[in-house]
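Undergrad: A single structure is presented below for examination.
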Amino acid sequence: MTPGSQSHLLGRIALALLLALTAFAAGLYFGHRPPSIQANPSGAAVQELLRLELPTAEGTPQALSQWQGQWRIINYWATWCPPCREEMPEFSRLQKEYRAKGVQFIGIALDSSENVAAFSQATPAAYPLLVASPSAIRNLKALGNEQGALPYTLIIDPKGTVRETRLGSLSAAELRTMLP
């Protein structure tokens, strides 16, 4: 190898390392950003969501319209999602605390019925856990979740207006500031 070709090779290696470090740094930045509050989804997307009828893990259909006139905390989650599983016990406690104030939590799993059934046996929730249909999954982007990431939560007031959307975990303290 000639000295010129060695320096050319070293330059290419240095450039490759620089690109790899840049990609690594970008991954760290975008992967560890705080959860984001999203813009309000369109009224049509929200109405489509509220007209859905989704099954429980056991197959019993549940219409989201049955909670019309209440505050609805609709949480998209999955059994394989650690932040989703971490926030569920707090959601259960808040469901018990706020039920009398007209607040209903609803979990919509982007998962299989079998996984949701096994999860709910091991970790019971104080609110309904429903299984997303293909139309519910398609509607997710229109609801403001452009990335399709989880957990994703919508807070809908009794009139059907979205008050907040959150991509990422929600703590009980944060939710208390958003609920009646």
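Residue names in the structure tokens use chain letters A, B, ... in the order shown, residue numbers from 1 in each chain, and ligand numbers from 1 in the order shown.
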So which residues touch Glu114 of chain A within 12 Å, counting only C-alpha atoms, skipping near sequence neighbours fewer than 6 positions away, as number ranges by chain?
TA: A: 56-59, 78-79, 120-121, 130-131
Undergrad: Residues within 12 Å of Glu174 of chain A, please, as number ranges by chain. Count only C-alpha atoms; anything in the same chain fewer than 4 positions from it doesn't count.
TA: A: 87, 90-91, 94, 155, 164, 166, 169-170, 178-179
Undergrad: Could you save those same residues with N, CA and C atoms as a PDB file, in the first residue's frame?
TA:
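See selection-v7.pdb below for the written result:
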ATOM      1  N   GLU A  87     -47.338   2.569  33.834  1.00  0.00           N
ATOM      2  CA  GLU A  87     -48.345   3.585  34.170  1.00  0.00           C
ATOM      3  C   GLU A  87     -49.709   2.986  34.523  1.00  0.00           C
ATOM      4  N   GLU A  90     -51.040   3.139  38.241  1.00  0.00           N
ATOM      5  CA  GLU A  90     -51.487   4.487  38.601  1.00  0.00           C
ATOM      6  C   GLU A  90     -52.845   4.788  37.964  1.00  0.00           C
ATOM      7  N   PHE A  91     -53.027   4.367  36.713  1.00  0.00           N
ATOM      8  CA  PHE A  91     -54.311   4.570  36.053  1.00  0.00           C
ATOM      9  C   PHE A  91     -55.419   3.836  36.816  1.00  0.00           C
ATOM     10  N   LEU A  94     -56.227   5.858  39.901  1.00  0.00           N
ATOM     11  CA  LEU A  94     -56.977   7.063  39.537  1.00  0.00           C
ATOM     12  C   LEU A  94     -58.402   6.729  39.093  1.00  0.00           C
ATOM     13  N   ILE A 155     -57.085  12.615  26.436  1.00  0.00           N
ATOM     14  CA  ILE A 155     -58.004  13.008  27.505  1.00  0.00           C
ATOM     15  C   ILE A 155     -59.136  13.773  26.827  1.00  0.00           C
ATOM     16  N   GLU A 164     -56.241  16.996  25.954  1.00  0.00           N
ATOM     17  CA  GLU A 164     -54.799  16.733  25.937  1.00  0.00           C
ATOM     18  C   GLU A 164     -54.540  15.454  25.172  1.00  0.00           C
ATOM     19  N   ARG A 166     -51.001  12.789  24.737  1.00  0.00           N
ATOM     20  CA  ARG A 166     -49.642  12.594  25.231  1.00  0.00           C
ATOM     21  C   ARG A 166     -49.035  11.371  24.586  1.00  0.00           C
ATOM     22  N   SER A 169     -45.314   8.277  28.702  1.00  0.00           N
ATOM     23  CA  SER A 169     -45.970   7.996  29.985  1.00  0.00           C
ATOM     24  C   SER A 169     -46.579   9.236  30.612  1.00  0.00           C
ATOM     25  N   LEU A 170     -47.633   9.008  31.365  1.00  0.00           N
ATOM     26  CA  LEU A 170     -48.282  10.046  32.165  1.00  0.00           C
ATOM     27  C   LEU A 170     -48.246   9.614  33.614  1.00  0.00           C
ATOM     28  N   MET A 178     -55.027  17.555  35.051  1.00  0.00           N
ATOM     29  CA  MET A 178     -55.837  17.587  33.830  1.00  0.00           C
ATOM     30  C   MET A 178     -57.274  17.128  34.054  1.00  0.00           C
ATOM     31  N   LEU A 179     -57.536  16.487  35.176  1.00  0.00           N
ATOM     32  CA  LEU A 179     -58.858  15.916  35.434  1.00  0.00           C
ATOM     33  C   LEU A 179     -59.698  16.838  36.292  1.00  0.00           C
TER      34      LEU A 179
END
Undergrad: So that I can see what lies close to Tyr127 of chain A, please list as a PyMOL selection string the residues with an atom at most 7 Å from it, counting only C-alpha atoms and leaving out residues fewer than 4 positions away in the same chain.
TA: chain A and resi 92+95+105-106
Undergrad: Using backbone DSSP assignments, extract all alpha helix (DSSP H) residues from segment 36-71 of chain A; output them as a PyMOL selection string.
TA: chain A and resi 43-50
Undergrad: Using only C-alpha atoms, can you tell me which of A:Lys96, A:Gly168, A:Gln70, A:Arg85 comes closest to Ala122 of chain A?
TA: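 Looking only at the distances to Ala122 of chain A, the closest residue turns out to be A:Arg85.
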Undergrad: Counting only C-alpha atoms, figure out which residue out of A:Pro180, A:Arg72, A:Leu110, A:Val103 gets nearest to Pro134 of chain A.
TA: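 Result for the nearest residue to Pro134 of chain A: A:Leu110.
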Undergrad: May I ask for the distance between atom CA of Leu150 of chain A and atom CA of Cys81 of chain A, given in Å to one decimal place?
TA: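 Computing the Euclidean distance for atom CA of Leu150 of chain A and atom CA of Cys81 of chain A yields 7.1 Å.
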Undergrad: Quick one: residues within 10 Å of Gly69 of chain A, only C-alpha atoms counted, chain neighbours fewer than 6 positions away excluded, as a list of chain:residue names?
TA: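 Contacts, with the query itself left out: A:Gly102, A:Val103, A:Ile156, A:Asp157, A:Pro158, A:Lys159, A:Gly160.
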Undergrad: Out of A:Ile73, A:Leu129, A:Ala149, A:Leu54, which residue has the shortest atom-to-atom distance to Thr161 of chain A when counting only C-alpha atoms?
TA: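 Residue with the minimum atom-to-atom distance to Thr161 of chain A: A:Ile73.
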Undergrad: Between A:Tyr76, A:Gly148, A:Met88, A:Pro124, which is the closest to Leu49 of chain A once you count only C-alpha atoms?
TA: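 Of the candidates, the smallest distance to Leu49 of chain A is held by A:Tyr76.
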Undergrad: Using only C-alpha atoms, pick whichever of A:Pro83, A:Pro151, A:Pro41, A:Pro128 has the shortest atom-to-atom distance to Ala63 of chain A.
TA: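 Using only C-alpha atoms, Ala63 of chain A sits closest to A:Pro128.
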Undergrad: Atom CA of Trp71 of chain A and atom CA of Glu146 of chain A, how far apart in Å?
TA: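 Computed distance, atom CA of Glu146 of chain A to atom CA of Trp71 of chain A, equals 23.9 Å.
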